[in-house]
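Okay, structure first, notes after.
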Amino acid sequence: MLRRRLNRLLGRDERIADRRTIYVGHRSGSTNDAIIPPKFCDNRIVSSKYTVWNFLPKNLFEQFRRIANFYFLIIFLVQVIVDTPTSPVTSGLPLFFVITVTAIKQGYEDWLRHKADNEVNKYPVTVIEDGRRIRKESEKIKVGDVVQVEEEETFPCDLILLQTSRDDDTCFVTTASLDGESNHKTHYTVPDTGRDLESLNATIECEQPQPDLYKFVGRMHIYTSNQDPAMRSLGPENLLLKGATLKNTQRISGVAVYTGMETKMALNYQGKSQKRSAVEKSINAFLLVYLCILVSKALVCTTLKYAWQGTPGQDEPWYNEKTQTVKETNFYLKMFTDFLSFMVLFNFIIPVSMYVTVEMQKFLGSFFITWDKDFFDPEIKEGALVNTSDLNEELGQVEYVFTDKTGTLTQNNMEFIECCIDGFQYKYRDASSELDGFCVTDGPVSKLQQKAGREREELFLRALCLCHTVQVKEPIECHDQGDGLMDQVDGLEADGQETSSLQEQRGFIASSPDEVALVKGAMRYGFTFLGLESKTMKILNRNNAVEMYELLHVLNFDPVRRRMSVIVRSKSGDILLFCKGADSSMFPRVRQEEVERIRMHVERNATEGYRTLCVAYKYLSAEEYNQADKGLREARLALQDRDEKLMAVYNQVETGMSLIGATAVEDRLQEEAAETMMALQGAGINVWVLTGDKMETAKSTCYACRLFQRNTELLELTVRTLEDGGRRREKRLHDLLNEYYKKAVLDAPPVKGGVTRSWSSTNQDYGFIIDGATLSMVLNSSESNSSRYKNLFLQICQNCTAVLCCRMAPLQKAQIVKMVKNSKGSPITLSIGDGANDVSMILEAHVGIGIKGKEGRQAVRNSDYAITKLKHLKKLLLVHGHLYYVRIAHLVQYFFYKNLCFILPQFLYQFFCGYSQQPLFDAAYLTMYNICFTSMPILAYSLFEQHISIEVLLDNATLYREIAKNAMLRWGPFLQWTLLSLYHGLLFFFGVRFLFSNPALQDNGQVFGNWSFGTIIFTVLIFTVTLTLALDTRHWTWINHFVIWGSLAFYVFFSFFWGGIIWPFLKHQRLYFVFANMLSSVSTWLVIILLILLSLMPEILLTVFCKPRGSNARQMKHRLPSSGTSTIFMLSQTASTHSFSWSD
Amino acid sequence: MMASSYNAKEEDGHHSGAASHGGPAVAKSKKPDNTAFKQQRLLAWQPILTAGTVLPAFFVIGIFFLPIGIGLFVTSNNIKEFEIDYTGVDLDSPCYSCAKNFSWNSTTPCVCTVDFTLEQPFESNVYMYYGLSNFYQNHRRYVKSRDDSQLYGDLSSLKEPSKECEPYRKRDGLPIAPCGAIANSLFNDTLDLYHIESNGTVNVIPLVNRGIAWWTDKHVKFRNPGGNNNNLTVAFQDTAKPVNWRKPVYELDPTDLENNGFVNEDFIVWMRTAALPTFRKLYRIIHKKSSTTPTLPSGRYVLNITYNYPVLSFDGRKRMILSTISWMGGKNPFLGIAYITVGSICFLLGVVLLIIHHKYDNRNNSADIPS
């Protein structure tokens, strides 16, 4: 007993342990111990939530966890248990409807997942068992199996590459379905695993599964019969991920290390955190108010009921005796049941169907974004992508936009502009000379202005050619270039003449476009990178000779180090280290005397908006190299803290280099970047640029985007300004912050509504610049000052038209977003970016937008919405966001409105029926009101309404301000709607009540009863509620017409139908011919018309009197000639110092 | 072209297993359709409510409502209505003793007579109503206390009435027909009207008890068990009469088979529960005899009441109402007044809007000129 428990404990320990051991091919290691096969999960992917058996209970449980559904369930149960005025059907049916719709939707989604799972799980794979190839279903793969994968197949689980059909022990994969990066990645076999897999006897030790796609640490022990076990380090380059596809390689074999739900892909798809929109918070607040109204109504009625019953003869007159059981119930219990009954009677005040309608609106509405052809980009043949539909309306509420610079504001389409070698500037001037470029042997001397020594030049260009991770596109991909060029590399070597034209077409693939630009730049100067083959880099030099370098190590780029290096061995045996990186990270690591010459160029280039990189090299002696090699290998073998160890070695190696030169790469602005930024600012949105780039580059981009203008006064808070004063940094920071605060906040006139005044004011505009180092000082300075600095900083920023944060680490970006998000008034933030470094801020902001750019798909994957170009942001916010917000806000308000004026007559009727909970409306009406009679028009409205046309919204960014700060869902409008519904409710009830002071309403003297009374009110209600919506509809498509008039027609038809038959399943035939009889009375017609008109009156008057604003915008549209020119006209107006006062 | 698109599809299909696993991240390389619907550019009517468009509407409403209102008001005023309370609360009222000495068990009905004078003659058909006050026919317990299938002539419900009828469901083991509180409290005062001519002769005024209930109720919703032509005494055997009734249901109108049992019109009228605690129900119709003489000439009348219905216990009142009827129903000044008020408000608003519209327009024009 004890032992068993101990065993179990141990077993569990083993699972928790931070590593796992895998026996390749299930063969034991050197020792002849029987293997205790460790238990790993099978290779079944289960993304579905339900099975056929547990769907019903599990789904119901999930659904009733939602507070609203639970509330209705309670109401339903009360109705079943307690003797309540309305039958359980009235709340049961809507609830059933809601639950069913949701269940069907979720069931369908799950079915799709099941299908996808099955497709993956049943996919046939080849497993090598005891030398035989066996076809298996993918789900049957176990950890340790040796799996064979053919070209173009996806890997069925995470594999360690053991054998490949290629000669150079590599294979190519594309991870397009994992992270969207479509370039081919090279993976390597584990060295020395040998050609013979059957006899391979090895174990793999690796970490437990973790979701990071780009991290893997492991170690492989290879046992050969006569030697000590050899140990090989395993890294991400050996790991083939499930979901990736094998390319350009005929066949590989690998051993499964992670299977099923433990693969990196499965771990990665475990949902993102849910973002909730501000509208949802408003809904909850309103719900709370209505719940209070509901409870107080029920309380009032209960109290009055017992007061009224106190007068003798009222409680139980002779004509209306209670049943025996009621008489016997406890007084307090009776009181409580009465309270519950009133709750049930009035429970319709909380709209059951609202959640369903809101969800449907969001889901269906989001299609309009994907369908928008303006978002379609012909280049990448893709449109916008909606990853979550929960935030549609949030797009209309954005107050802060945080944008990345590279790839977002700029195109990330790099072009090599110039370089500087040893302080001499080399500019590539003539674009037409591209073809006969500098690569011909006689060229360079004349064209490169002979300033630096030729040797240095060549060194520099070699560095550019070698120091990168670019791949040459495989010749197979270039089929269309002609039949004779099957092998481009060979062709190049064979025929020099033909190659020059081919070089231009040569495709380079790299994770960073900078590298491609640099390689292409080097090519223009005569050094062509031919490719990497089995650790040998080939370059074609100016003399059309192929130089070979053995690639020893790649010291990868990372954003913290901000540089990358390669270590190569030249033919002559020299070992060289080439390093390129950002100036700030390079200058401290090179010999100082070289820095000054280069620094000047770098800074000048930066101010022109170019991206600069410095290039350095160093010779490594054999001794140095051995030491570095050992360090690197050790670090790579480490199972723990591998990154830290690697970093330490990198830093150690990359020192004492000598600077050769610098490069300048231009990153052109995105199309219409300036216009988009101007439009955003015009919409009252604060734009912050967060970039990892250096200040000068970023600043010039900001000027180019018109975020800063010539008259903008820049407030700089950077390391440079801090060092200017010569005093202590902290002190200086304190002074500067106070000074800027005084300037930007105190001296500026108070702005109403917190709207930035970039448009119509003559006030001084401020721009704020801060860099990463200073920001961390602001945020992390001594405890006492920290919050104060933060506060000052925020206030200054809020008063600036644009803020630029440069030299940001990815985490700092998120930090800033978080800080603004949590500041006073909790503004709605939006982050837009395209790269992996923007993911953190995309996840942090209320709305995250990814740009389908060149830096892979990570941003897109983590975003809420993805667009193809920055310029689409304008339409996304100003049009889609605006419309979605107005639609959903109206939807929410309308729902509360229609339910309050639905239930108010019921409440008032209690005063006339002895507080007996007698419902005014028939059960059928109570049930159908929210489901059938009034749901469709508002859904159509919330999908198609355009209160202002798309063109006008695009042209007038200021319209966006009208809905800022949740304008339509604040308490003001809520009160307005509530008052309207109170007015309607009172009008309906008392109008009909006075009519019924003489119930003889027919011309044959016959009288109407209580059901006629209710039906008249209900008819007025349906018509008024629908027509109120019709009045608010500014955009009548045929769907609106169909749905609005259709609903009314349906109501009339239904009423005739419902009252036209004696329904055998009903206990009471309450409405039998009530509706038809009602319509036979002229007085009823007259009162219905009167009440409808009277209740619509305030709405009409309000819209007429509140017109000026809207009509202004409309007129303005007429005044300005056309959309395109008007924008430009306005832009030019505001760029000057003159104020342009059309908005006054 | 064809091949490439086919390829793309193939590739999609190939990846779909892996890609759709993660959810929505499937990239579609399809250009969005350029349809009006998808681009939110459906042809739309965009009405704008401005003073200009609303103005005529207001005037039109005013112009229509005022005459209707005046018409309604005049019609309502022309309707003659006479109302008399015969509850017998006061000592000097003729029914005082009947009201005071009421007992459910008395076998001899208490009769009282009320004299009244009609100042004006009642032309055309006159409708006689009884009115009850402070009688909660709309009380929930009361409203639901009925069995419509029993009243529809269903035999099983006749034997086994619905639970809703409690505590008026069974009596001494026998099912009550008709069951429930509504039926049990059927108004059972008998009202007879006599005209005393100037020469002293007393004329019985013929009161018609047909045509007082909704046609559909009388012919469809209410049916006697086993059809209307059978012997009702047999049809209702093995049922008990409601507790407070003086006679069983098949004796409600023994003279007329069409008006007996469940299809008795007085009963049907009562079964249509009133909306408010003060209500009136149609009791009898006095048809116009000839075109020359008024239906009820002015003069003295006697109302003979067989006082069976106690209301004092719950502080209720009973009234007898004589009324003529117009196309709009009974006398009700509310509708006329409401129409006149709304009509004139609309008209006034129209005028106000007109002024505003003019001023606003002018200002707009002047603002337009400099720009």
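Every chain in the structure tokens takes a letter, A first, then B, and so on in the order presented; its residues are numbered from 1, and the ligands are numbered from 1 following the presented order.
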Interface, chain B side, toward chain A (7 Å; only C-alpha atoms) as number ranges by chain: B: 17-22, 24-25, 28-34, 38-39, 42-51, 127, 136, 138-140, 142, 148, 166-167, 181, 185, 212-213, 272-277, 281-282, 313-314, 325-330, 332, 334-335
Rank A:Ala628, A:Ala845, A:Leu241, A:Val257 by their smallest atom-to-atom distance to Glu207 in chain A, using only C-alpha atoms, and report the top residue only. A:Val257
Test item, strand (DSSP E) assignment across range 133-261 of chain B, answer as a PyMOL selection string: chain B and resi 133+170-171+174-175+190-196+202-204
For each of B:Val234, B:Tyr250, B:Asn308, B:Phe58, take the minimum atom-to-atom distance to Cys98 in chain B, counting only C-alpha atoms, then give the residue where this is smallest. B:Asn308
Selected residue of minimal separation from Pro206 in chain B among B:Ile285, B:Val143, B:Ile268, B:Val220, counting only C-alpha atoms: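 Of all the options, B:Ile285 lies closest to Pro206 in chain B.
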Selection: 9 Å around Tyr283 in chain B, only C-alpha atoms, excl. self and same-chain fewer than 3 positions, as a list in words: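 The filter keeps Tyr127, Met128, Tyr129, Tyr130, Leu191, Leu207, Val208, Asn209, Ile212, Asp266 and Val269 of chain B.
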